[in-house]
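File shown: my_file.pdb. Contents: PDB, C-alpha atoms, pLDDT in the B column.
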```pdb
MODEL        1
ATOM      1  CA  MET X  17      24.070  -1.305   3.552  1.00 42.00           C
ATOM      2  CA  PRO X  18      21.452  -0.734   0.807  1.00 46.00           C
ATOM      3  CA  GLU X  19      18.280  -2.822   0.900  1.00 43.00           C
ATOM      4  CA  PRO X  20      18.158  -5.599  -1.686  1.00 41.00           C
ATOM      5  CA  LYS X  21      15.725  -4.935  -4.493  1.00 40.00           C
ATOM      6  CA  PRO X  22      12.739  -7.275  -4.513  1.00 43.00           C
ATOM      7  CA  CYS X  23      13.064  -9.929  -7.212  1.00 47.00           C
ATOM      8  CA  CYS X  24       9.675  -9.069  -8.643  1.00 56.00           C
ATOM      9  CA  ASN X  25      10.918  -5.653  -9.781  1.00 46.00           C
ATOM     10  CA  ILE X  26      13.325  -7.424 -12.090  1.00 41.00           C
ATOM     11  CA  SER X  27      11.675 -10.719 -13.044  1.00 50.00           C
ATOM     12  CA  GLY X  28       8.052  -9.636 -13.227  1.00 56.00           C
ATOM     13  CA  ALA X  29       7.025 -12.228 -10.597  1.00 72.00           C
ATOM     14  CA  CYS X  30       4.791  -9.919  -8.595  1.00 79.00           C
ATOM     15  CA  GLU X  31       2.340 -11.135  -5.970  1.00 80.00           C
ATOM     16  CA  ALA X  32      -1.125  -9.761  -5.244  1.00 81.00           C
ATOM     17  CA  PRO X  33      -2.270  -9.565  -1.606  1.00 78.00           C
ATOM     18  CA  HIS X  34      -4.480 -12.311  -0.225  1.00 75.00           C
ATOM     19  CA  ASN X  35      -8.184 -11.680  -0.930  1.00 75.00           C
ATOM     20  CA  ALA X  36      -7.477  -8.669  -3.186  1.00 78.00           C
ATOM     21  CA  LYS X  37      -9.973  -7.944  -5.964  1.00 79.00           C
ATOM     22  CA  GLY X  38      -9.855  -5.737  -9.066  1.00 80.00           C
ATOM     23  CA  ILE X  39      -6.730  -3.633  -8.618  1.00 78.00           C
ATOM     24  CA  ALA X  40      -3.996  -4.223  -6.042  1.00 78.00           C
ATOM     25  CA  ASN X  41      -0.329  -3.520  -5.429  1.00 75.00           C
ATOM     26  CA  CYS X  42       2.398  -6.150  -5.382  1.00 76.00           C
ATOM     27  CA  ILE X  43       3.211  -7.099  -1.785  1.00 73.00           C
ATOM     28  CA  HIS X  44       6.924  -6.952  -2.650  1.00 67.00           C
ATOM     29  CA  CYS X  45       7.507  -3.940  -4.916  1.00 66.00           C
ATOM     30  CA  GLY X  46       4.214  -2.004  -4.794  1.00 70.00           C
ATOM     31  CA  LYS X  47       3.679  -2.264  -8.570  1.00 74.00           C
ATOM     32  CA  GLU X  48       0.052  -2.046  -9.689  1.00 76.00           C
ATOM     33  CA  LEU X  49      -1.604  -5.352 -10.511  1.00 81.00           C
ATOM     34  CA  VAL X  50      -4.892  -5.783 -12.358  1.00 83.00           C
ATOM     35  CA  GLU X  51      -7.223  -8.778 -12.024  1.00 86.00           C
ATOM     36  CA  ARG X  52      -8.626 -10.170 -15.282  1.00 85.00           C
ATOM     37  CA  ASP X  53     -10.552 -13.432 -15.505  1.00 86.00           C
ATOM     38  CA  GLU X  54      -9.575 -14.233 -11.896  1.00 85.00           C
ATOM     39  CA  LYS X  55      -5.850 -13.976 -12.733  1.00 86.00           C
ATOM     40  CA  TRP X  56      -3.457 -11.157 -11.805  1.00 85.00           C
ATOM     41  CA  TYR X  57      -1.352  -9.230 -14.325  1.00 84.00           C
ATOM     42  CA  THR X  58       1.043  -6.310 -14.007  1.00 80.00           C
ATOM     43  CA  TRP X  59      -0.427  -3.058 -15.290  1.00 72.00           C
ATOM     44  CA  ASP X  60       1.979  -3.134 -18.240  1.00 74.00           C
ATOM     45  CA  ALA X  61       1.410  -6.795 -19.209  1.00 75.00           C
ATOM     46  CA  ASP X  62      -0.281  -5.852 -22.488  1.00 72.00           C
ATOM     47  CA  MET X  63       2.751  -3.830 -23.563  1.00 69.00           C
ATOM     48  CA  THR X  64       5.095  -6.830 -23.707  1.00 67.00           C
ATOM     49  CA  PRO X  65       5.702  -8.496 -27.075  1.00 66.00           C
ATOM     50  CA  GLU X  66       5.178 -12.023 -25.697  1.00 72.00           C
ATOM     51  CA  GLU X  67       2.036 -13.498 -24.122  1.00 75.00           C
ATOM     52  CA  PRO X  68       1.316 -11.760 -20.769  1.00 77.00           C
ATOM     53  CA  ARG X  69       2.203 -13.952 -17.816  1.00 76.00           C
ATOM     54  CA  PRO X  70      -0.203 -14.142 -14.846  1.00 80.00           C
ATOM     55  CA  GLN X  71       1.155 -13.224 -11.411  1.00 80.00           C
ATOM     56  CA  LYS X  72       0.685 -15.005  -8.091  1.00 78.00           C
ATOM     57  CA  GLN X  73      -1.767 -14.198  -5.341  1.00 78.00           C
ATOM     58  CA  SER X  74      -0.531 -14.528  -1.777  1.00 72.00           C
ATOM     59  CA  PRO X  75      -2.092 -17.660  -0.274  1.00 68.00           C
ATOM     60  CA  ASN X  76      -1.814 -16.430   3.322  1.00 57.00           C
ATOM     61  CA  SER X  77      -3.123 -13.518   5.308  1.00 48.00           C
ATOM     62  CA  ASP X  78      -1.830 -12.139   8.602  1.00 46.00           C
ATOM     63  CA  TYR X  79      -5.424 -11.337   9.486  1.00 44.00           C
ATOM     64  CA  CYS X  80      -7.586 -14.010  11.112  1.00 43.00           C
ATOM     65  CA  LYS X  81     -11.034 -13.202  12.511  1.00 46.00           C
ATOM     66  CA  GLN X  82     -10.909 -16.257  14.777  1.00 43.00           C
ATOM     67  CA  CYS X  83      -7.603 -15.208  16.384  1.00 41.00           C
ATOM     68  CA  HIS X  84      -8.350 -11.461  16.435  1.00 44.00           C
ATOM     69  CA  PRO X  85     -12.134 -10.974  16.586  1.00 47.00           C
ATOM     70  CA  LYS X  86     -11.866  -7.229  17.347  1.00 51.00           C
ATOM     71  CA  ALA X  87      -9.051  -6.557  14.900  1.00 58.00           C
ATOM     72  CA  ILE X  88      -9.594  -4.517  11.754  1.00 69.00           C
ATOM     73  CA  ASP X  89      -9.263  -6.514   8.567  1.00 69.00           C
ATOM     74  CA  PRO X  90      -6.204  -4.968   6.843  1.00 71.00           C
ATOM     75  CA  ALA X  91      -7.877  -5.421   3.460  1.00 74.00           C
ATOM     76  CA  THR X  92     -10.598  -2.931   4.487  1.00 82.00           C
ATOM     77  CA  VAL X  93      -8.267  -0.147   5.679  1.00 86.00           C
ATOM     78  CA  THR X  94      -8.193   2.780   3.244  1.00 89.00           C
ATOM     79  CA  GLU X  95      -6.281   5.318   5.348  1.00 93.00           C
ATOM     80  CA  ALA X  96      -3.698   5.106   8.117  1.00 94.00           C
ATOM     81  CA  ARG X  97      -2.544   8.046  10.244  1.00 95.00           C
ATOM     82  CA  TYR X  98       0.278   8.491  12.705  1.00 95.00           C
ATOM     83  CA  LEU X  99       0.192  11.381  15.166  1.00 94.00           C
ATOM     84  CA  SER X 100       3.462  13.277  15.596  1.00 92.00           C
ATOM     85  CA  ASP X 101       5.690  12.155  18.451  1.00 87.00           C
ATOM     86  CA  ASP X 102       6.021  15.843  19.377  1.00 83.00           C
ATOM     87  CA  ARG X 103       3.337  15.898  22.074  1.00 73.00           C
ATOM     88  CA  ASP X 104       4.167  19.476  23.116  1.00 78.00           C
ATOM     89  CA  GLU X 105       2.600  20.896  19.957  1.00 78.00           C
ATOM     90  CA  ARG X 106      -0.699  22.708  20.439  1.00 84.00           C
ATOM     91  CA  ARG X 107      -1.914  21.448  17.054  1.00 86.00           C
ATOM     92  CA  PRO X 108       0.062  18.288  16.298  1.00 92.00           C
ATOM     93  CA  ASN X 109       0.353  17.000  12.749  1.00 93.00           C
ATOM     94  CA  GLU X 110      -0.374  13.525  11.466  1.00 95.00           C
ATOM     95  CA  LEU X 111       1.330  11.525   8.761  1.00 96.00           C
ATOM     96  CA  VAL X 112      -1.480  10.357   6.463  1.00 96.00           C
ATOM     97  CA  ILE X 113      -1.088   7.457   4.028  1.00 96.00           C
ATOM     98  CA  PHE X 114      -4.031   6.392   1.927  1.00 93.00           C
ATOM     99  CA  THR X 115      -4.815   4.488  -1.222  1.00 88.00           C
ATOM    100  CA  GLY X 116      -6.716   5.846  -4.155  1.00 82.00           C
ATOM    101  CA  GLY X 117      -9.281   3.898  -6.108  1.00 75.00           C
ATOM    102  CA  ASN X 118      -6.655   3.839  -8.839  1.00 80.00           C
ATOM    103  CA  GLY X 119      -4.176   1.735  -6.824  1.00 81.00           C
ATOM    104  CA  ASP X 120      -1.805   4.654  -6.233  1.00 89.00           C
ATOM    105  CA  TRP X 121      -0.528   5.745  -2.818  1.00 93.00           C
ATOM    106  CA  TYR X 122      -1.089   9.213  -1.384  1.00 95.00           C
ATOM    107  CA  VAL X 123       1.044  10.605   1.433  1.00 97.00           C
ATOM    108  CA  GLY X 124       0.318  13.828   3.258  1.00 96.00           C
ATOM    109  CA  ILE X 125       0.671  15.809   6.433  1.00 95.00           C
ATOM    110  CA  ALA X 126      -2.395  17.245   8.137  1.00 94.00           C
ATOM    111  CA  SER X 127      -3.311  18.794  11.460  1.00 92.00           C
ATOM    112  CA  GLN X 128      -4.703  16.143  13.770  1.00 91.00           C
ATOM    113  CA  GLY X 129      -8.117  14.981  12.593  1.00 89.00           C
ATOM    114  CA  THR X 130      -8.247  17.156   9.470  1.00 93.00           C
ATOM    115  CA  GLY X 131      -8.155  16.233   5.803  1.00 90.00           C
ATOM    116  CA  CYS X 132      -5.083  16.550   3.654  1.00 87.00           C
ATOM    117  CA  ILE X 133      -6.556  17.539   0.281  1.00 83.00           C
ATOM    118  CA  GLY X 134      -4.003  19.826  -1.312  1.00 87.00           C
ATOM    119  CA  ARG X 135      -1.326  18.655   1.132  1.00 88.00           C
ATOM    120  CA  SER X 136      -0.610  15.185  -0.195  1.00 94.00           C
ATOM    121  CA  VAL X 137       1.674  13.654  -2.781  1.00 95.00           C
ATOM    122  CA  ARG X 138       0.505  11.040  -5.274  1.00 94.00           C
ATOM    123  CA  LEU X 139       2.890   8.137  -5.779  1.00 93.00           C
ATOM    124  CA  CYS X 140       1.970   6.231  -8.926  1.00 90.00           C
ATOM    125  CA  THR X 141       2.348   2.476  -8.910  1.00 86.00           C
ATOM    126  CA  SER X 142       1.972   2.241 -12.694  1.00 83.00           C
ATOM    127  CA  GLY X 143       4.911   4.331 -13.789  1.00 83.00           C
ATOM    128  CA  GLY X 144       5.787   7.649 -12.153  1.00 87.00           C
ATOM    129  CA  ALA X 145       7.276   7.105  -8.700  1.00 86.00           C
ATOM    130  CA  SER X 146       7.400   3.322  -9.062  1.00 81.00           C
ATOM    131  CA  SER X 147       9.663   3.541 -12.106  1.00 83.00           C
ATOM    132  CA  ARG X 148      11.532   6.797 -11.367  1.00 89.00           C
ATOM    133  CA  VAL X 149      12.326   5.987  -7.731  1.00 88.00           C
ATOM    134  CA  PRO X 150      12.350   2.175  -7.448  1.00 84.00           C
ATOM    135  CA  GLY X 151      11.470   1.088  -3.929  1.00 85.00           C
ATOM    136  CA  LEU X 152       9.588   4.258  -2.940  1.00 91.00           C
ATOM    137  CA  THR X 153       6.088   2.850  -3.418  1.00 89.00           C
ATOM    138  CA  LEU X 154       7.202  -0.330  -1.657  1.00 86.00           C
ATOM    139  CA  ALA X 155       8.471   1.728   1.301  1.00 89.00           C
ATOM    140  CA  ILE X 156       5.141   3.575   1.519  1.00 92.00           C
ATOM    141  CA  ALA X 157       3.232   0.284   1.227  1.00 88.00           C
ATOM    142  CA  ASN X 158       5.366  -1.128   4.060  1.00 85.00           C
ATOM    143  CA  ALA X 159       4.790   1.985   6.208  1.00 91.00           C
ATOM    144  CA  PHE X 160       1.033   1.666   5.604  1.00 91.00           C
ATOM    145  CA  ARG X 161       1.118  -2.040   6.534  1.00 85.00           C
ATOM    146  CA  ALA X 162       3.149  -1.267   9.673  1.00 85.00           C
ATOM    147  CA  LEU X 163       0.525   1.244  10.825  1.00 89.00           C
ATOM    148  CA  VAL X 164      -2.285  -1.209  10.121  1.00 86.00           C
ATOM    149  CA  ALA X 165      -0.430  -4.010  11.927  1.00 80.00           C
ATOM    150  CA  ALA X 166       0.108  -1.759  14.966  1.00 82.00           C
ATOM    151  CA  GLY X 167      -3.645  -1.268  15.222  1.00 83.00           C
ATOM    152  CA  GLU X 168      -5.447   1.770  16.545  1.00 86.00           C
ATOM    153  CA  GLY X 169      -4.152   3.577  19.594  1.00 84.00           C
ATOM    154  CA  HIS X 170      -0.798   5.050  20.627  1.00 85.00           C
ATOM    155  CA  GLY X 171      -1.042   7.691  17.896  1.00 89.00           C
ATOM    156  CA  VAL X 172      -2.339   5.396  15.147  1.00 90.00           C
ATOM    157  CA  THR X 173      -5.769   5.951  13.580  1.00 91.00           C
ATOM    158  CA  LEU X 174      -7.206   3.705  10.871  1.00 91.00           C
ATOM    159  CA  LYS X 175     -10.082   4.414   8.506  1.00 91.00           C
ATOM    160  CA  VAL X 176     -12.058   1.646   6.813  1.00 86.00           C
TER     161      VAL X 176
ENDMDL
END
```

Encoded form using structure tokens:
Amino acid sequence: MPEPKPCCNISGACEAPHNAKGIANCIHCGKELVERDEKWYTWDADMTPEEPRPQKQSPNSDYCKQCHPKAIDPATVTEARYLSDDRDERRPNELVIFTGGNGDWYVGIASQGTGCIGRSVRLCTSGGASSRVPGLTLAIANAFRALVAAGEGHGVTLKV
């Protein structure tokens, strides 16, 4: 059964993550959101003929310093890696997902502990992948969040 499309892809009711600042991605569809005058707008808000409508900001966060004092604040994670389940490899690879300063997602494969410059794919959240392959940037955002939620260890490495 196909996954239902998030309503924000259709209605424009995107939602910025809790405590996000400047540029963020919708927590539902992955679309790029831009903060202006402490309100959130979709990247394409100025292209609509009517008055741009502000978007919501998530009021809750799964992260709580009181409950998880040693946990990494998800908002500070810039890169998440998952080490291959193939433990017999002499040089195992890692799945690398990171965000750019531009709000786009980058996905790559790299040998354990190495960089992935030249071995990653940019997934634009302001057009490109987000409009050509609806749901792809959301899937990557969800994979990133799953790695962050799992925390470090058991093959997961997080960079802040």

All residues 12 Å or closer to Thr94 of chain X, all atoms listed in the file, same chain fewer than 5 positions away omitted, as a PDB file with C-alpha atoms, keeping the file's coordinate frame:
```
ATOM      1  CA  ILE X  88      -9.594  -4.517  11.754  1.00 69.00           C
ATOM      2  CA  ASP X  89      -9.263  -6.514   8.567  1.00 69.00           C
ATOM      3  CA  VAL X 112      -1.480  10.357   6.463  1.00 96.00           C
ATOM      4  CA  ILE X 113      -1.088   7.457   4.028  1.00 96.00           C
ATOM      5  CA  PHE X 114      -4.031   6.392   1.927  1.00 93.00           C
ATOM      6  CA  THR X 115      -4.815   4.488  -1.222  1.00 88.00           C
ATOM      7  CA  GLY X 116      -6.716   5.846  -4.155  1.00 82.00           C
ATOM      8  CA  GLY X 117      -9.281   3.898  -6.108  1.00 75.00           C
ATOM      9  CA  GLY X 119      -4.176   1.735  -6.824  1.00 81.00           C
ATOM     10  CA  ASP X 120      -1.805   4.654  -6.233  1.00 89.00           C
ATOM     11  CA  TRP X 121      -0.528   5.745  -2.818  1.00 93.00           C
ATOM     12  CA  TYR X 122      -1.089   9.213  -1.384  1.00 95.00           C
ATOM     13  CA  ALA X 157       3.232   0.284   1.227  1.00 88.00           C
ATOM     14  CA  PHE X 160       1.033   1.666   5.604  1.00 91.00           C
ATOM     15  CA  ARG X 161       1.118  -2.040   6.534  1.00 85.00           C
ATOM     16  CA  LEU X 163       0.525   1.244  10.825  1.00 89.00           C
ATOM     17  CA  VAL X 164      -2.285  -1.209  10.121  1.00 86.00           C
ATOM     18  CA  THR X 173      -5.769   5.951  13.580  1.00 91.00           C
ATOM     19  CA  LEU X 174      -7.206   3.705  10.871  1.00 91.00           C
ATOM     20  CA  LYS X 175     -10.082   4.414   8.506  1.00 91.00           C
ATOM     21  CA  VAL X 176     -12.058   1.646   6.813  1.00 86.00           C
TER      22      VAL X 176
END
```

Once 4 Å is added on each side, what centre and edge lengths in Å to one decimal does the axis-aligned box around all listed atoms of segment 118-136 of chain X have, as AutoDock Vina command-line options?
```
--center_x -3.6 --center_y 10.8 --center_z 2.5 --size_x 17.3 --size_y 26.1 --size_z 30.6
```

*asked:* Residues near Thr58 of chain X, anyone? I mean within 8 Å using only C-alpha atoms, not counting same-chain ones fewer than 3 positions away, as a PyMOL selection string.
replied: chain X and resi 28+30+47-50+61+70-71

*Work out how far atom CA of Glu31 of chain X is from atom CA of Glu67 of chain X, in Å to one decimal.*
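If I compute the distance from atom CA of Glu67 of chain X to atom CA of Glu31 of chain X, I get 18.3 Å.
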
*To one decimal place, how far is atom CA of Asn109 of chain X from atom CA of Ala96 of chain X in Å?*
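So the two atoms, atom CA of Asn109 of chain X and atom CA of Ala96 of chain X, lie 13.4 Å apart.
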
*Name the residues that the PyMOL selection byres ((chain X and resi 111) around 6) picks from the file above, as a count of residues only, using the file's chain letters and numbers.*
5

*So which one's closest to Gly131 of chain X, X:Asp60, X:Glu168, X:Glu105, X:Glu95? Using only C-alpha atoms, please.*
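Ranked by minimum distance to Gly131 of chain X, first place goes to X:Glu95.
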
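Computed from the coordinates, the atom CA of Gly124 of chain X to atom CA of Asp102 of chain X distance equals 17.2 Å.
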
*How would you write, as a list of chain:residue names, the residues chosen by the PyMOL selection byres ((chain X and resi 128) around 7) on this structure?*
X:Leu99, X:Arg107, X:Pro108, X:Asn109, X:Glu110, X:Ala126, X:Ser127, X:Gly129, X:Thr130

_Residue contacts of Arg69 of chain X (10 Å, all atoms listed in the file) excluding same-chain residues fewer than 3 positions away, as an NGL selection string_ = :X and (28-29 or 55-58 or 61-62 or 64 or 66 or 72)

*Pick the closest to Val149 of chain X from X:Arg106, X:Gly46, X:Ser136, X:Ala165: which is it, counting all atoms listed in the file?*
X:Gly46

Name the residues that the PyMOL selection byres ((chain X and resi 38) around 6) pulls out of this structure, and write them as an mmCIF file with C-alpha atoms, keeping the file's coordinate frame.
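Writing the result to selection_0.cif gives the following:
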```
data_model
loop_
_atom_site.group_PDB
_atom_site.id
_atom_site.type_symbol
_atom_site.label_atom_id
_atom_site.label_comp_id
_atom_site.auth_asym_id
_atom_site.auth_seq_id
_atom_site.Cartn_x
_atom_site.Cartn_y
_atom_site.Cartn_z
ATOM 1 C CA LYS X 37 -9.973 -7.944 -5.964
ATOM 2 C CA ILE X 39 -6.730 -3.633 -8.618
ATOM 3 C CA VAL X 50 -4.892 -5.783 -12.358
ATOM 4 C CA GLU X 51 -7.223 -8.778 -12.024
#
```
